[in-house]
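Novice: Have a peek at coords.cif (mmCIF, C-alpha atoms).
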data_coords
loop_
_atom_site.label_atom_id
_atom_site.label_comp_id
_atom_site.auth_asym_id
_atom_site.auth_seq_id
_atom_site.Cartn_x
_atom_site.Cartn_y
_atom_site.Cartn_z
CA MET A 1384 59.04 5.17 -3.29
CA PHE A 1385 61.37 2.25 -4.06
CA ASP A 1386 63.14 2.55 -0.71
CA GLY A 1387 59.81 2.28 1.07
CA LEU A 1388 58.72 -0.65 -1.08
CA ALA A 1389 61.50 -2.78 0.38
CA LEU A 1390 59.93 -2.36 3.85
CA MET A 1391 56.49 -3.58 2.82
CA ASP A 1392 55.26 -7.07 3.62
CA LEU A 1393 53.70 -7.83 0.23
CA PRO A 1394 53.61 -11.02 -1.84
CA GLY A 1395 55.76 -10.66 -4.94
CA ARG A 1396 57.28 -7.38 -3.76
CA GLU A 1397 60.40 -7.95 -5.87
CA HIS A 1398 58.29 -8.42 -9.01
CA LEU A 1399 56.44 -5.16 -8.32
CA GLU A 1400 59.75 -3.34 -7.91
CA SER A 1401 61.04 -4.81 -11.18
CA TYR A 1402 57.83 -3.78 -12.96
CA LEU A 1403 57.97 -0.20 -11.68
CA LEU A 1404 61.67 0.13 -12.56
CA GLY A 1405 60.77 -0.99 -16.07
CA MET A 1406 58.23 1.83 -16.26
CA VAL A 1407 60.95 4.28 -15.20
CA ARG A 1408 63.32 3.02 -17.90
CA ARG A 1409 60.60 3.41 -20.53
CA ASN A 1410 60.13 7.05 -19.48
CA PHE A 1411 56.57 6.80 -18.18
CA ARG A 1412 55.30 9.98 -16.53
CA ARG A 1413 55.93 10.13 -12.79
CA LEU A 1414 52.19 10.41 -12.05
CA THR A 1415 51.52 7.27 -14.12
CA ILE A 1416 54.13 5.35 -12.12
CA VAL A 1417 52.74 6.64 -8.81
CA GLN A 1418 49.21 5.60 -9.80
CA ALA A 1419 50.45 2.15 -10.78
CA PHE A 1420 52.29 1.82 -7.46
CA ARG A 1421 49.23 2.81 -5.43
CA THR A 1422 46.89 0.47 -7.28
CA LEU A 1423 49.25 -2.50 -7.28
CA LYS A 1424 50.07 -2.03 -3.60
CA VAL A 1425 46.35 -2.38 -2.82
CA PHE A 1426 46.07 -5.37 -5.17
CA LEU A 1427 48.95 -7.19 -3.47
CA CYS A 1428 47.48 -6.37 -0.06
CA CYS A 1429 44.25 -8.04 -1.18
CA LEU A 1430 46.20 -11.15 -2.14
CA ARG A 1431 47.96 -11.19 1.21
CA ASP A 1432 44.70 -10.70 3.13
CA ASN A 1433 43.23 -13.65 1.23
CA GLY A 1434 46.03 -15.86 2.50
CA LYS A 1435 48.31 -15.83 -0.55
CA ASP A 1436 51.97 -15.03 0.04
CA ARG A 1437 53.30 -15.92 -3.43
CA LEU A 1438 52.32 -14.47 -6.81
CA GLU A 1439 52.57 -17.95 -8.27
CA GLU A 1440 49.25 -18.65 -6.51
CA LEU A 1441 47.48 -15.84 -8.42
CA ASN A 1442 44.36 -16.81 -10.37
CA ARG A 1443 41.45 -15.12 -12.09
CA ARG A 1444 39.30 -15.16 -8.96
CA ASP A 1445 41.84 -12.86 -7.29
CA LEU A 1446 41.27 -10.28 -10.03
CA GLU A 1447 37.51 -10.58 -9.57
CA ALA A 1448 37.84 -10.13 -5.81
CA PHE A 1449 39.92 -6.98 -6.37
CA VAL A 1450 37.24 -5.53 -8.66
CA GLU A 1451 34.58 -6.11 -6.02
CA ARG A 1452 36.75 -4.60 -3.30
CA GLU A 1453 37.09 -1.41 -5.32
CA GLN A 1454 33.38 -1.37 -6.13
CA ASP A 1455 32.68 -1.69 -2.42
CA ARG A 1456 34.34 1.68 -1.93
CA GLY A 1457 31.64 3.36 -4.03
CA LEU A 1458 33.93 4.42 -6.88
CA LYS A 1459 32.78 5.27 -10.39
CA LEU A 1460 33.12 2.31 -12.72
CA SER A 1461 35.50 4.43 -14.80
CA SER A 1462 37.83 4.61 -11.77
CA VAL A 1463 37.53 0.88 -11.14
CA LYS A 1464 38.24 0.21 -14.81
CA ALA A 1465 41.39 2.37 -14.69
CA LYS A 1466 42.64 0.42 -11.66
CA LEU A 1467 41.80 -2.89 -13.31
CA ASP A 1468 43.73 -1.85 -16.44
CA ARG A 1469 46.82 -1.26 -14.27
CA VAL A 1470 46.42 -4.68 -12.66
CA HIS A 1471 45.98 -6.30 -16.09
CA ALA A 1472 49.21 -4.64 -17.28
CA PHE A 1473 51.08 -5.93 -14.22
CA VAL A 1474 49.70 -9.45 -14.65
CA GLY A 1475 50.75 -9.30 -18.31
CA PHE A 1476 54.28 -8.55 -17.11
CA LEU A 1477 54.12 -11.51 -14.70
CA ILE A 1478 53.05 -13.78 -17.56
CA GLU A 1479 56.00 -12.60 -19.68
CA GLU A 1480 58.30 -13.31 -16.74
CA GLU A 1481 56.69 -16.78 -16.41
CA VAL A 1482 55.63 -16.05 -12.83
CA VAL A 1483 51.94 -16.82 -13.48
CA PRO A 1484 50.36 -18.95 -16.23
CA PRO A 1485 48.81 -17.27 -19.31
CA GLU A 1486 45.38 -18.66 -18.38
CA VAL A 1487 44.97 -15.90 -15.79
CA LEU A 1488 44.38 -13.38 -18.60
CA VAL A 1489 42.78 -15.57 -21.26
CA ARG A 1490 39.69 -13.35 -20.99
CA LYS A 1491 40.10 -9.96 -19.36
CA ILE A 1492 37.38 -8.75 -17.02
CA ARG A 1493 35.23 -6.20 -18.84
CA LEU A 1494 33.33 -3.41 -17.12
CA ARG A 1495 30.64 -1.43 -18.90
CA LEU A 1496 30.59 2.36 -18.71
CA PRO A 1497 29.20 4.67 -17.55
CA GLN A 1498 27.75 3.51 -14.23
CA TYR A 1499 28.05 4.63 -10.64
CA LEU A 1500 28.30 2.52 -7.52
CA PRO A 1501 27.00 2.04 -4.93
CA ARG A 1502 23.40 1.76 -6.05
CA ALA A 1503 20.50 -0.29 -4.73
CA LEU A 1504 17.63 -1.65 -6.80
CA ASP A 1505 14.35 0.15 -6.22
CA PRO A 1506 11.88 -2.11 -4.33
CA ALA A 1507 9.55 -2.35 -7.33
CA ASP A 1508 12.49 -3.30 -9.55
CA THR A 1509 13.56 -6.00 -7.08
CA ARG A 1510 10.09 -7.54 -7.27
CA ARG A 1511 10.14 -7.42 -11.08
CA LEU A 1512 13.54 -9.10 -11.16
CA LEU A 1513 12.49 -11.90 -8.82
CA SER A 1514 9.35 -12.53 -10.87
CA VAL A 1515 11.37 -13.53 -13.98
CA LEU A 1516 13.85 -15.89 -12.29
CA GLU A 1517 12.64 -19.22 -13.64
CA ASP A 1518 15.83 -21.30 -13.67
CA ILE A 1519 16.26 -23.07 -10.32
CA ARG A 1520 20.01 -22.48 -10.07
CA ASP A 1521 19.84 -18.84 -11.18
CA ARG A 1522 17.01 -18.05 -8.77
CA ALA A 1523 18.98 -19.55 -5.89
CA MET A 1524 22.11 -17.57 -6.83
CA VAL A 1525 20.31 -14.24 -7.07
CA LEU A 1526 18.41 -14.79 -3.82
CA VAL A 1527 21.59 -15.76 -1.96
CA LEU A 1528 23.26 -12.54 -3.11
CA LEU A 1529 20.18 -10.47 -2.31
CA ARG A 1530 19.49 -11.98 1.13
CA THR A 1531 23.05 -12.43 2.43
CA GLY A 1532 24.91 -9.43 0.99
CA MET A 1533 27.75 -11.71 -0.13
CA ARG A 1534 30.20 -10.48 -2.71
CA ILE A 1535 29.95 -12.30 -6.03
CA SER A 1536 33.46 -13.69 -5.64
CA GLU A 1537 32.53 -15.00 -2.18
CA LEU A 1538 29.45 -16.75 -3.51
CA LEU A 1539 31.33 -18.35 -6.40
CA ALA A 1540 34.04 -19.58 -4.01
CA SER A 1541 31.49 -21.11 -1.59
CA ARG A 1542 31.56 -24.87 -1.25
CA LEU A 1543 28.66 -27.11 -0.39
CA SER A 1544 30.29 -27.74 2.99
CA ASP A 1545 30.05 -24.01 3.81
CA LEU A 1546 26.24 -24.12 3.70
CA ASN A 1547 24.07 -24.98 6.70
CA ILE A 1548 20.56 -25.12 5.30
CA ASP A 1549 18.85 -25.91 8.64
CA GLU A 1550 20.43 -22.98 10.50
CA ARG A 1551 20.10 -20.76 7.40
CA ARG A 1552 23.69 -19.60 7.30
CA ILE A 1553 26.78 -19.70 5.10
CA VAL A 1554 30.38 -19.57 6.30
CA ILE A 1555 32.56 -17.26 4.20
CA ARG A 1556 36.23 -18.16 4.41
CA GLU A 1557 38.45 -15.15 3.68
CA GLY A 1558 41.77 -16.94 3.26
CA ALA A 1559 42.68 -20.44 4.36
CA LYS A 1560 46.03 -19.36 5.79
CA THR A 1561 44.74 -16.39 7.77
CA ARG A 1562 41.71 -18.35 9.05
CA ARG A 1563 39.67 -15.17 8.78
CA GLY A 1564 36.03 -15.30 7.86
CA ARG A 1565 32.48 -14.45 8.76
CA ILE A 1566 28.99 -15.94 8.86
CA VAL A 1567 26.05 -14.63 6.85
CA TYR A 1568 22.41 -15.62 7.21
CA PHE A 1569 19.59 -16.03 4.72
CA SER A 1570 15.80 -15.72 4.68
CA ASP A 1571 13.00 -18.25 4.23
CA ASP A 1572 12.54 -17.52 0.52
CA CYS A 1573 16.27 -17.97 -0.01
CA ARG A 1574 16.22 -21.26 1.91
CA ASP A 1575 13.37 -22.53 -0.27
CA ALA A 1576 15.29 -21.60 -3.43
CA LEU A 1577 18.44 -23.30 -2.12
CA LYS A 1578 16.53 -26.47 -1.24
CA SER A 1579 15.17 -26.64 -4.78
CA TRP A 1580 18.69 -26.23 -6.14
CA LEU A 1581 20.16 -28.83 -3.76
CA ASP A 1582 17.58 -31.35 -4.96
CA ARG A 1583 18.66 -30.73 -8.55
CA ARG A 1584 22.43 -30.18 -8.35
CA ASP A 1585 25.12 -32.83 -8.82
CA SER A 1586 26.08 -33.99 -5.32
CA GLN A 1587 29.59 -34.81 -6.54
CA LYS A 1588 30.38 -31.16 -7.27
CA GLU A 1589 32.49 -29.39 -4.65
CA PHE A 1590 31.29 -25.82 -5.17
CA LEU A 1591 27.78 -24.73 -4.22
CA PHE A 1592 27.14 -23.28 -7.69
CA TYR A 1593 28.62 -24.38 -10.99
CA ALA A 1594 28.01 -23.86 -14.69
CA HIS A 1595 26.59 -26.60 -16.89
CA GLY A 1596 29.37 -29.03 -17.80
CA ARG A 1597 31.87 -27.39 -15.43
CA ASN A 1598 32.91 -27.60 -11.80
CA THR A 1599 32.81 -23.85 -11.12
CA PHE A 1600 30.87 -20.74 -12.11
CA SER A 1601 32.88 -17.83 -13.51
CA TYR A 1602 32.59 -14.17 -12.57
CA SER A 1603 31.86 -13.11 -16.15
CA SER A 1604 29.17 -15.80 -16.49
CA ALA A 1605 27.45 -14.42 -13.38
CA TRP A 1606 27.40 -10.93 -14.91
CA VAL A 1607 26.01 -12.28 -18.21
CA MET A 1608 23.34 -14.28 -16.38
CA PHE A 1609 22.23 -11.25 -14.38
CA ASP A 1610 22.12 -9.02 -17.47
CA ARG A 1611 19.90 -11.57 -19.20
CA TYR A 1612 17.33 -11.39 -16.41
CA LEU A 1613 17.50 -7.59 -16.32
CA LYS A 1614 16.49 -7.54 -19.98
CA ARG A 1615 13.73 -10.07 -19.33
CA ALA A 1616 12.39 -7.88 -16.50
CA GLY A 1617 12.57 -4.72 -18.61
CA LEU A 1618 15.26 -3.20 -16.36
CA ALA A 1619 18.26 -3.19 -18.72
CA HIS A 1620 18.05 0.58 -19.23
CA LYS A 1621 18.50 1.32 -15.51
CA GLY A 1622 22.20 0.45 -15.39
CA TYR A 1623 22.00 -2.15 -12.62
CA THR A 1624 24.77 -4.74 -12.23
CA ILE A 1625 24.88 -7.94 -10.22
CA HIS A 1626 26.97 -6.12 -7.62
CA CYS A 1627 23.94 -3.90 -6.93
CA LEU A 1628 22.31 -6.85 -5.14
CA ARG A 1629 24.79 -6.37 -2.30
CA HIS A 1630 23.89 -2.69 -2.02
CA THR A 1631 20.20 -3.59 -2.11
CA PHE A 1632 20.71 -6.01 0.78
CA ALA A 1633 22.44 -3.32 2.85
CA SER A 1634 19.88 -0.62 2.07
CA GLU A 1635 16.90 -2.88 2.78
CA LEU A 1636 18.24 -3.94 6.18
CA LEU A 1637 19.09 -0.35 7.12
CA ASN A 1638 15.58 0.79 6.20
CA ALA A 1639 14.19 -2.13 8.23
CA ARG A 1640 15.92 -0.49 11.25
CA MET A 1641 18.96 -2.75 11.54
CA ARG A 1642 21.76 -0.87 13.29
CA LEU A 1643 24.89 -0.09 11.29
CA GLU A 1644 26.99 -1.88 13.91
CA CYS A 1645 25.08 -5.10 13.17
CA LEU A 1646 25.10 -4.58 9.41
CA GLN A 1647 28.85 -3.95 9.21
CA PRO A 1648 30.05 -7.50 10.07
CA LEU A 1649 27.43 -9.06 7.78
CA LEU A 1650 28.91 -7.10 4.88
CA GLY A 1651 32.48 -7.84 5.96
CA HIS A 1652 33.44 -4.16 6.15
CA ASP A 1653 36.45 -3.17 8.25
CA SER A 1654 34.87 0.18 9.10
CA VAL A 1655 31.33 1.24 9.90
CA GLN A 1656 32.03 4.37 7.83
CA VAL A 1657 32.17 2.21 4.70
CA THR A 1658 28.84 0.65 5.66
CA ARG A 1659 27.34 4.11 6.17
CA ARG A 1660 28.27 5.09 2.61
CA TYR A 1661 27.12 1.73 1.31
CA ALA A 1662 23.55 1.56 2.60
CA LYS A 1663 21.05 4.27 1.68
CA LEU A 1664 18.00 5.40 3.61
CA THR A 1665 14.79 6.02 1.70
CA ASP A 1666 12.91 9.31 2.00
CA LYS A 1667 10.10 7.40 3.72
CA THR A 1668 12.46 6.05 6.38
CA ARG A 1669 13.88 9.52 7.02
CA GLU A 1670 10.35 10.89 7.37
CA GLU A 1671 9.34 8.16 9.83
CA GLU A 1672 12.53 8.58 11.86
CA TYR A 1673 12.02 12.34 12.04
CA PHE A 1674 8.48 12.07 13.40
CA ARG A 1675 9.50 9.27 15.78
CA ALA A 1676 12.30 11.44 17.19
CA MET A 1677 10.12 14.57 17.26
CA ALA A 1678 7.43 12.70 19.22
CA ILE A 1679 10.03 11.95 21.89
CA ILE A 1680 11.03 15.62 22.01
CA GLU A 1681 7.42 16.82 22.25
CA ARG A 1682 6.73 14.44 25.13
CA GLY A 1683 9.65 15.99 27.01
CA ILE A 1684 11.37 12.64 27.52
CA ILE A 1685 14.90 13.92 26.84
CA ASP A 1686 16.76 14.70 30.08
CA GLY A 1687 20.20 15.99 30.96
CA THR A 1688 22.36 18.89 29.83
CA TYR A 1689 23.85 19.47 26.41
CA ARG A 1690 27.60 19.88 26.70
CA LEU A 1691 29.83 21.46 24.11
CA ASP A 1692 32.45 19.12 22.73
CA HIS A 1693 35.60 21.24 23.06
CA GLN A 1694 37.46 19.08 20.56
CA LEU A 1695 34.85 19.86 17.91
CA GLN A 1696 34.97 23.54 18.88
CA THR A 1697 38.69 23.76 18.12
CA ILE A 1698 38.40 22.32 14.60
CA PRO A 1699 37.31 25.56 12.84
CA GLN A 1700 39.93 27.55 14.77
CA GLU A 1701 42.67 25.09 13.81
CA ALA A 1702 41.54 25.21 10.19
CA LYS A 1703 41.76 29.02 10.20
CA ARG A 1704 45.29 28.96 11.63
CA LEU A 1705 46.53 26.25 9.28
CA THR A 1706 44.84 27.42 6.08
CA PRO A 1707 45.74 30.94 4.82
CA HIS A 1708 43.08 32.87 2.91
CA GLY A 1709 42.64 31.52 -0.61
CA GLN A 1710 44.70 28.37 -0.07
CA LYS A 1711 43.22 24.96 -0.95
CA LEU A 1712 42.37 22.57 1.86
CA TYR A 1713 44.07 19.78 -0.09
CA ASP A 1714 47.15 19.33 -2.24
CA GLU A 1715 47.59 17.92 -5.70
CA PRO A 1716 48.90 14.31 -5.81
CA GLY A 1717 52.42 14.27 -4.48
CA PRO A 1718 54.97 11.69 -3.31
CA VAL A 1719 53.47 8.50 -1.98
CA SER A 1720 54.04 7.53 1.61
CA PRO A 1721 55.96 4.24 1.30
CA VAL A 1722 54.88 2.66 4.56
CA GLY A 1723 51.38 2.18 5.87
CA GLY A 1724 48.14 0.38 5.30
CA CYS A 1725 46.66 -0.88 2.09
CA ALA A 1726 44.08 1.83 1.56
CA ASP A 1727 44.39 3.55 -1.79
#
Rewrite the structure of this file - the entire thing - as structure tokens.
Specialist:
Amino acid sequence: MFDGLALMDLPGREHLESYLLGMVRRNFRRLTIVQAFRTLKVFLCCLRDNGKDRLEELNRRDLEAFVEREQDRGLKLSSVKAKLDRVHAFVGFLIEEEVVPPEVLVRKIRLRLPQYLPRALDPADTRRLLSVLEDIRDRAMVLVLLRTGMRISELLASRLSDLNIDERRIVIREGAKTRRGRIVYFSDDCRDALKSWLDRRDSQKEFLFYAHGRNTFSYSSAWVMFDRYLKRAGLAHKGYTIHCLRHTFASELLNARMRLECLQPLLGHDSVQVTRRYAKLTDKTREEEYFRAMAIIERGIIDGTYRLDHQLQTIPQEAKRLTPHGQKLYDEPGPVSPVGGCAD
């Protein structure tokens, strides 16, 4: 594991190696060390992908972005919490080594249990939520998240200069050094809410949204704000979080017949497979799609010849040859491959 670590292009690689060696000296279980390595490798990859090549540049927003990245994968919150605990422990080590300032962990990010992600708000619940959004800023924030599918960290990092109100779009910059990014679009009701907020906000502030008396809006404050409106709408018992707005956006567009290939770049997913897990079809949409497809079949419109995919045909045969009777199709966690991508 340590030999492979030296080959990885990660910010702060030497600090990660020092941290893991410290775990070895303190006789942590091998599985605990492997889990820490896997999680922290992904965390450092996130930093690198966001244009940061030194751990000295680490801030609280990076932790928030990591949480959202893991939530995007549809993990249980208990799994996300376990990964966040490992990152918190590593950041604590960096603070002791005076690599990052103590302010990064002044308030740890808290996740409530138990909840599952992904999950979209039911349409009736969405309407109830929107009906109680009275504050101009809060209504604009919620509608931007709901109509663009932006991650919370992306919204909070958005500057006024990233917004084009006339063309109804926002530029999301995913790392100044990498120059990566994407464009998201918003609806008429979102534009109206944003115009109301722009008329009220302090024009001297750099960020699009900010808390009263501050220049920015924190991740934890966004969660608290959303929870307050859930209670006001009588939805607190349903276990929704502000991150569910992103899943609602994806599910609504999918049920409105947007193709996955179009939805994927709007969400900023690297793979359409992630988008497929992310957005959920309703039973009504499945029913309509079935009868639409069956009508085509009944009219005899389908032409051509069905051909057997020989590659698919060989899969069961390969599985039989490779998997003796009674043997599991997977192995228990073993040694970690030291070189490769940043997927956990």
Novice: Can you list, as number ranges by chain, the residues that the PyMOL selection byres ((chain A and resi 1634-1640) around 8) selects here?
Specialist: A: 1503, 1630-1633, 1641-1643, 1646, 1661-1665, 1668
Novice: Give me the result of the PyMOL selection byres ((chain A and resi 1597-1599) around 12) on this file, residue by residue, as a ChimeraX atom specification.
Specialist: /A:1444,1536,1538-1543,1584-1596,1600-1605
Novice: With C-alpha atoms retained, export the selected residues as a tab-separated table (two decimals), in the frame of the given file.
Specialist:
chain	number	residue	atom	x	y	z
A	1444	ARG	CA	39.30	-15.16	-8.96
A	1536	SER	CA	33.46	-13.69	-5.64
A	1538	LEU	CA	29.45	-16.75	-3.51
A	1539	LEU	CA	31.33	-18.35	-6.40
A	1540	ALA	CA	34.04	-19.58	-4.01
A	1541	SER	CA	31.49	-21.11	-1.59
A	1542	ARG	CA	31.56	-24.87	-1.25
A	1543	LEU	CA	28.66	-27.11	-0.39
A	1584	ARG	CA	22.43	-30.18	-8.35
A	1585	ASP	CA	25.12	-32.83	-8.82
A	1586	SER	CA	26.08	-33.99	-5.32
A	1587	GLN	CA	29.59	-34.81	-6.54
A	1588	LYS	CA	30.38	-31.16	-7.27
A	1589	GLU	CA	32.49	-29.39	-4.65
A	1590	PHE	CA	31.29	-25.82	-5.17
A	1591	LEU	CA	27.78	-24.73	-4.22
A	1592	PHE	CA	27.14	-23.28	-7.69
A	1593	TYR	CA	28.62	-24.38	-10.99
A	1594	ALA	CA	28.01	-23.86	-14.69
A	1595	HIS	CA	26.59	-26.60	-16.89
A	1596	GLY	CA	29.37	-29.03	-17.80
A	1600	PHE	CA	30.87	-20.74	-12.11
A	1601	SER	CA	32.88	-17.83	-13.51
A	1602	TYR	CA	32.59	-14.17	-12.57
A	1603	SER	CA	31.86	-13.11	-16.15
A	1604	SER	CA	29.17	-15.80	-16.49
A	1605	ALA	CA	27.45	-14.42	-13.38
Novice: Is it possible to get the residues within 12 Å of (10.8, -14.6, -12.4) (coordinates as in the file, counting all atoms listed in the file) written as a VMD selection string?
Specialist: chain A and resid 1508 to 1519 1521 to 1523 1525 to 1526 1611 to 1617
Novice: So the first atom is CA of Lys1621 (chain A) and the second is CA of Met1533 (chain A); what is the distance between them in Å, to one decimal place?
Specialist: 22.2 Å
Novice: Might you spell out which residues the PyMOL selection byres ((chain A and resi 1623) around 9) would select in the displayed file, as a PyMOL selection string?
Specialist: chain A and resi 1498+1502-1504+1610+1613+1618-1622+1624-1628
Novice: Could you tell me how far CA of Val1463 (chain A) lies from CA of Phe1420 (chain A), in Å and to one decimal?
Specialist: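 Rounded to one decimal, the two atoms are 15.2 Å apart.
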Novice: With distances taken over only C-alpha atoms, which of A:Arg1437, A:Arg1520, A:Arg1413, A:Arg1421 is nearest to Gly1395 (chain A)?
Specialist: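 The answer is A:Arg1437, which sits nearest to Gly1395 (chain A).
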Novice: Could you tell me how far CA of Thr1531 (chain A) sits from CA of Arg1556 (chain A), in Å to one decimal place?
Specialist: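 One can read the CA of Arg1556 (chain A) to CA of Thr1531 (chain A) distance as 14.5 Å.
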Novice: Between A:Val1417, A:Leu1446, A:Leu1528, A:Leu1477, which residue has the minimum interatomic distance to Leu1399 (chain A), considering all atoms listed in the file?
Specialist: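 Closest candidate: A:Leu1477.
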Novice: Counting all atoms listed in the file, figure out which residue out of A:Pro1506, A:Pro1484, A:Gly1683, A:Pro1648 gets nearest to Arg1565 (chain A).
Specialist: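 The closest residue to Arg1565 (chain A) is A:Pro1648.
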Novice: Identify which of the residues A:Ser1570, A:Ala1465, A:Asp1392, A:Glu1670 lies closest to Thr1415 (chain A), counting only C-alpha atoms when measuring atom-to-atom distances.
Specialist: A:Ala1465
Novice: Which one of A:Arg1629, A:Arg1431, A:His1652, A:Arg1412 sits closest to Arg1396 (chain A) if you count only C-alpha atoms?
Specialist: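 Of the candidates, the smallest distance to Arg1396 (chain A) is held by A:Arg1431.
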Novice: Kindly indicate which residue among A:Val1567, A:Met1524, A:Val1657, A:Leu1488 lies nearest to Arg1443 (chain A), using only C-alpha atoms for the distances.
Specialist: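 Selected residue with least distance to Arg1443 (chain A): A:Leu1488.
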